[in-house]
Amino acid sequence: MKLGGETLIEEGARTLRKVLKRIDTDRMGESAFMAIVTGTDRYAYRREDGIMIIPLGSLRN
């Protein structure tokens, strides 16, 4: 979860990519997707690197 703007989203994306490299996919399988939940964006979108950006408000109901 990142509450800030583009700078924090980039930081989150770097962290996600690092974590993905540490997952033992032979034991755990491939991850279905990567996502960053934000508190500031209005619309969900998928970045060029495949990471989804999802506004917290879109997860209600």
# chains A, B, ... in the order shown; residues from 1 in each chain; ligands from 1
>>> residues_around(residues="segment 42-59 of chain A", least_positions_apart="2", cutoff="12 Å", atoms="only C-alpha atoms", output="MDAnalysis selection string")
chainID A and resid 1:6 8:10 12:17 20 31:40 61
>>> write_last_selection(atoms="C-alpha atoms", output="PDB file, in the first residue's frame")
ATOM      1  CA  MET A   1       0.000   0.000   0.000  1.00  0.00           C
ATOM      2  CA  LYS A   2       1.401   3.369  -1.008  1.00  0.00           C
ATOM      3  CA  LEU A   3      -0.420   6.539   0.000  1.00  0.00           C
ATOM      4  CA  GLY A   4       1.665   8.977  -2.004  1.00  0.00           C
ATOM      5  CA  GLY A   5       2.074   9.872  -5.634  1.00  0.00           C
ATOM      6  CA  GLU A   6       4.300   8.702  -8.469  1.00  0.00           C
ATOM      7  CA  LEU A   8       6.107   6.211  -3.904  1.00  0.00           C
ATOM      8  CA  ILE A   9       4.536   4.101  -6.655  1.00  0.00           C
ATOM      9  CA  GLU A  10       7.972   3.770  -8.267  1.00  0.00           C
ATOM     10  CA  GLY A  12       6.720   0.165  -4.473  1.00  0.00           C
ATOM     11  CA  ALA A  13       7.335  -1.199  -7.967  1.00  0.00           C
ATOM     12  CA  ARG A  14      11.055  -1.614  -7.243  1.00  0.00           C
ATOM     13  CA  THR A  15      10.239  -3.446  -4.026  1.00  0.00           C
ATOM     14  CA  LEU A  16       7.742  -5.736  -5.753  1.00  0.00           C
ATOM     15  CA  ARG A  17      10.272  -6.687  -8.408  1.00  0.00           C
ATOM     16  CA  LEU A  20       9.359 -11.468  -6.934  1.00  0.00           C
ATOM     17  CA  SER A  31       2.527 -15.085  -8.925  1.00  0.00           C
ATOM     18  CA  ALA A  32      -0.806 -14.340 -10.556  1.00  0.00           C
ATOM     19  CA  PHE A  33      -0.193 -10.582 -10.586  1.00  0.00           C
ATOM     20  CA  MET A  34       1.580  -7.728  -8.842  1.00  0.00           C
ATOM     21  CA  ALA A  35      -0.312  -4.710  -7.569  1.00  0.00           C
ATOM     22  CA  ILE A  36       0.206  -1.527  -5.624  1.00  0.00           C
ATOM     23  CA  VAL A  37      -2.795  -0.192  -3.734  1.00  0.00           C
ATOM     24  CA  THR A  38      -2.774   3.596  -3.546  1.00  0.00           C
ATOM     25  CA  GLY A  39      -4.717   6.148  -1.583  1.00  0.00           C
ATOM     26  CA  THR A  40      -4.459   8.926  -4.139  1.00  0.00           C
ATOM     27  CA  ASN A  61     -18.431  -3.069  -2.293  1.00  0.00           C
TER      28      ASN A  61
END
>>> select_by_dssp(residues="chain A", states="alpha helix (DSSP H)", output="PDB file with C-alpha atoms, in the first residue's frame")
ATOM      1  CA  GLU A   6       4.300   8.702  -8.469  1.00  0.00           C
ATOM      2  CA  THR A   7       7.531   8.657  -6.443  1.00  0.00           C
ATOM      3  CA  LEU A   8       6.107   6.211  -3.904  1.00  0.00           C
ATOM      4  CA  ILE A   9       4.536   4.101  -6.655  1.00  0.00           C
ATOM      5  CA  GLU A  10       7.972   3.770  -8.267  1.00  0.00           C
ATOM      6  CA  GLU A  11       9.437   2.786  -4.900  1.00  0.00           C
ATOM      7  CA  GLY A  12       6.720   0.165  -4.473  1.00  0.00           C
ATOM      8  CA  ALA A  13       7.335  -1.199  -7.967  1.00  0.00           C
ATOM      9  CA  ARG A  14      11.055  -1.614  -7.243  1.00  0.00           C
ATOM     10  CA  THR A  15      10.239  -3.446  -4.026  1.00  0.00           C
ATOM     11  CA  LEU A  16       7.742  -5.736  -5.753  1.00  0.00           C
ATOM     12  CA  ARG A  17      10.272  -6.687  -8.408  1.00  0.00           C
ATOM     13  CA  LYS A  18      12.866  -7.483  -5.703  1.00  0.00           C
ATOM     14  CA  VAL A  19      10.387  -9.632  -3.780  1.00  0.00           C
ATOM     15  CA  LEU A  20       9.359 -11.468  -6.934  1.00  0.00           C
ATOM     16  CA  LYS A  21      12.975 -12.508  -7.511  1.00  0.00           C
ATOM     17  CA  ARG A  22      13.089 -14.080  -4.030  1.00  0.00           C
ATOM     18  CA  THR A  25       8.384 -20.544  -7.913  1.00  0.00           C
ATOM     19  CA  ASP A  26       9.077 -24.295  -7.845  1.00  0.00           C
ATOM     20  CA  ARG A  27       7.457 -24.457  -4.402  1.00  0.00           C
ATOM     21  CA  MET A  28       5.004 -21.555  -4.556  1.00  0.00           C
TER      22      MET A  28
END
>>> decode(residues="segment 9-55 of chain A", atoms="N, CA and C atoms", output="short mmCIF file (atom, residue, chain, number, x, y, z; two decimals), in the first residue's frame")
data_model
loop_
_atom_site.label_atom_id
_atom_site.label_comp_id
_atom_site.auth_asym_id
_atom_site.auth_seq_id
_atom_site.Cartn_x
_atom_site.Cartn_y
_atom_site.Cartn_z
N ILE A 9 4.93 5.21 -5.79
CA ILE A 9 4.54 4.10 -6.66
C ILE A 9 5.78 3.47 -7.27
N GLU A 10 6.72 4.29 -7.71
CA GLU A 10 7.97 3.77 -8.27
C GLU A 10 8.74 2.98 -7.22
N GLU A 11 8.77 3.48 -5.99
CA GLU A 11 9.44 2.79 -4.90
C GLU A 11 8.78 1.42 -4.66
N GLY A 12 7.46 1.41 -4.65
CA GLY A 12 6.72 0.16 -4.47
C GLY A 12 6.98 -0.82 -5.60
N ALA A 13 7.07 -0.33 -6.82
CA ALA A 13 7.34 -1.20 -7.97
C ALA A 13 8.72 -1.83 -7.85
N ARG A 14 9.71 -1.06 -7.44
CA ARG A 14 11.05 -1.61 -7.24
C ARG A 14 11.03 -2.71 -6.19
N THR A 15 10.34 -2.46 -5.10
CA THR A 15 10.24 -3.45 -4.03
C THR A 15 9.54 -4.71 -4.50
N LEU A 16 8.46 -4.57 -5.24
CA LEU A 16 7.74 -5.74 -5.75
C LEU A 16 8.63 -6.59 -6.65
N ARG A 17 9.39 -5.94 -7.51
CA ARG A 17 10.27 -6.69 -8.41
C ARG A 17 11.35 -7.44 -7.62
N LYS A 18 11.88 -6.81 -6.55
CA LYS A 18 12.87 -7.48 -5.70
C LYS A 18 12.25 -8.70 -5.00
N VAL A 19 11.06 -8.53 -4.48
CA VAL A 19 10.39 -9.63 -3.78
C VAL A 19 10.10 -10.77 -4.75
N LEU A 20 9.68 -10.45 -5.94
CA LEU A 20 9.36 -11.47 -6.93
C LEU A 20 10.57 -12.34 -7.23
N LYS A 21 11.76 -11.74 -7.25
CA LYS A 21 12.98 -12.51 -7.51
C LYS A 21 13.29 -13.49 -6.39
N ARG A 22 12.79 -13.23 -5.18
CA ARG A 22 13.09 -14.08 -4.03
C ARG A 22 12.11 -15.23 -3.86
N ILE A 23 11.01 -15.23 -4.59
CA ILE A 23 10.00 -16.28 -4.45
C ILE A 23 10.48 -17.56 -5.13
N ASP A 24 10.40 -18.66 -4.42
CA ASP A 24 10.73 -19.97 -4.97
C ASP A 24 9.52 -20.46 -5.77
N THR A 25 9.54 -20.21 -7.08
CA THR A 25 8.38 -20.54 -7.91
C THR A 25 8.20 -22.05 -8.08
N ASP A 26 9.24 -22.84 -7.81
CA ASP A 26 9.08 -24.29 -7.85
C ASP A 26 8.18 -24.76 -6.70
N ARG A 27 8.29 -24.10 -5.56
CA ARG A 27 7.46 -24.46 -4.40
C ARG A 27 6.15 -23.70 -4.36
N MET A 28 6.17 -22.42 -4.73
CA MET A 28 5.00 -21.55 -4.56
C MET A 28 4.22 -21.31 -5.84
N GLY A 29 4.81 -21.62 -6.98
CA GLY A 29 4.18 -21.31 -8.25
C GLY A 29 4.42 -19.86 -8.64
N GLU A 30 4.07 -19.54 -9.87
CA GLU A 30 4.22 -18.16 -10.36
C GLU A 30 3.17 -17.27 -9.71
N SER A 31 3.53 -16.01 -9.47
CA SER A 31 2.53 -15.09 -8.92
C SER A 31 1.51 -14.76 -10.01
N ALA A 32 0.27 -14.63 -9.61
CA ALA A 32 -0.81 -14.34 -10.56
C ALA A 32 -0.71 -12.91 -11.08
N PHE A 33 -0.33 -11.98 -10.20
CA PHE A 33 -0.19 -10.58 -10.59
C PHE A 33 0.57 -9.84 -9.50
N MET A 34 0.98 -8.63 -9.82
CA MET A 34 1.58 -7.73 -8.84
C MET A 34 0.75 -6.46 -8.85
N ALA A 35 0.51 -5.91 -7.66
CA ALA A 35 -0.31 -4.71 -7.57
C ALA A 35 0.18 -3.81 -6.44
N ILE A 36 -0.03 -2.53 -6.64
CA ILE A 36 0.21 -1.53 -5.62
C ILE A 36 -1.13 -0.85 -5.37
N VAL A 37 -1.56 -0.87 -4.11
CA VAL A 37 -2.80 -0.19 -3.73
C VAL A 37 -2.42 1.21 -3.28
N THR A 38 -3.09 2.20 -3.86
CA THR A 38 -2.77 3.60 -3.55
C THR A 38 -3.96 4.28 -2.88
N GLY A 39 -3.67 5.36 -2.20
CA GLY A 39 -4.72 6.15 -1.58
C GLY A 39 -5.03 7.40 -2.36
N THR A 40 -4.31 7.64 -3.45
CA THR A 40 -4.46 8.93 -4.14
C THR A 40 -4.98 8.82 -5.57
N ASP A 41 -4.77 7.73 -6.24
CA ASP A 41 -5.20 7.64 -7.64
C ASP A 41 -6.70 7.52 -7.75
N ARG A 42 -7.25 7.95 -8.89
CA ARG A 42 -8.69 7.88 -9.11
C ARG A 42 -9.08 6.65 -9.90
N TYR A 43 -8.19 6.15 -10.74
CA TYR A 43 -8.50 5.04 -11.63
C TYR A 43 -7.43 3.96 -11.54
N ALA A 44 -7.86 2.73 -11.68
CA ALA A 44 -6.91 1.62 -11.73
C ALA A 44 -6.31 1.55 -13.13
N TYR A 45 -5.06 1.12 -13.19
CA TYR A 45 -4.41 0.95 -14.49
C TYR A 45 -3.27 -0.04 -14.36
N ARG A 46 -2.81 -0.55 -15.48
CA ARG A 46 -1.67 -1.46 -15.51
C ARG A 46 -0.49 -0.72 -16.12
N ARG A 47 0.62 -0.74 -15.40
CA ARG A 47 1.85 -0.10 -15.89
C ARG A 47 2.47 -0.94 -17.00
N GLU A 48 3.41 -0.34 -17.71
CA GLU A 48 4.10 -1.05 -18.79
C GLU A 48 4.83 -2.29 -18.30
N ASP A 49 5.27 -2.29 -17.04
CA ASP A 49 5.96 -3.46 -16.49
C ASP A 49 5.01 -4.53 -15.95
N GLY A 50 3.71 -4.31 -16.14
CA GLY A 50 2.71 -5.30 -15.75
C GLY A 50 2.14 -5.13 -14.34
N ILE A 51 2.70 -4.22 -13.57
CA ILE A 51 2.21 -3.99 -12.21
C ILE A 51 0.92 -3.19 -12.27
N MET A 52 -0.10 -3.67 -11.55
CA MET A 52 -1.38 -2.97 -11.51
C MET A 52 -1.37 -1.94 -10.39
N ILE A 53 -1.91 -0.77 -10.68
CA ILE A 53 -2.08 0.29 -9.69
C ILE A 53 -3.56 0.37 -9.39
N ILE A 54 -3.92 0.16 -8.12
CA ILE A 54 -5.33 0.04 -7.76
C ILE A 54 -5.63 1.05 -6.65
N PRO A 55 -6.53 1.99 -6.90
CA PRO A 55 -6.92 2.95 -5.85
C PRO A 55 -7.73 2.23 -4.77
#
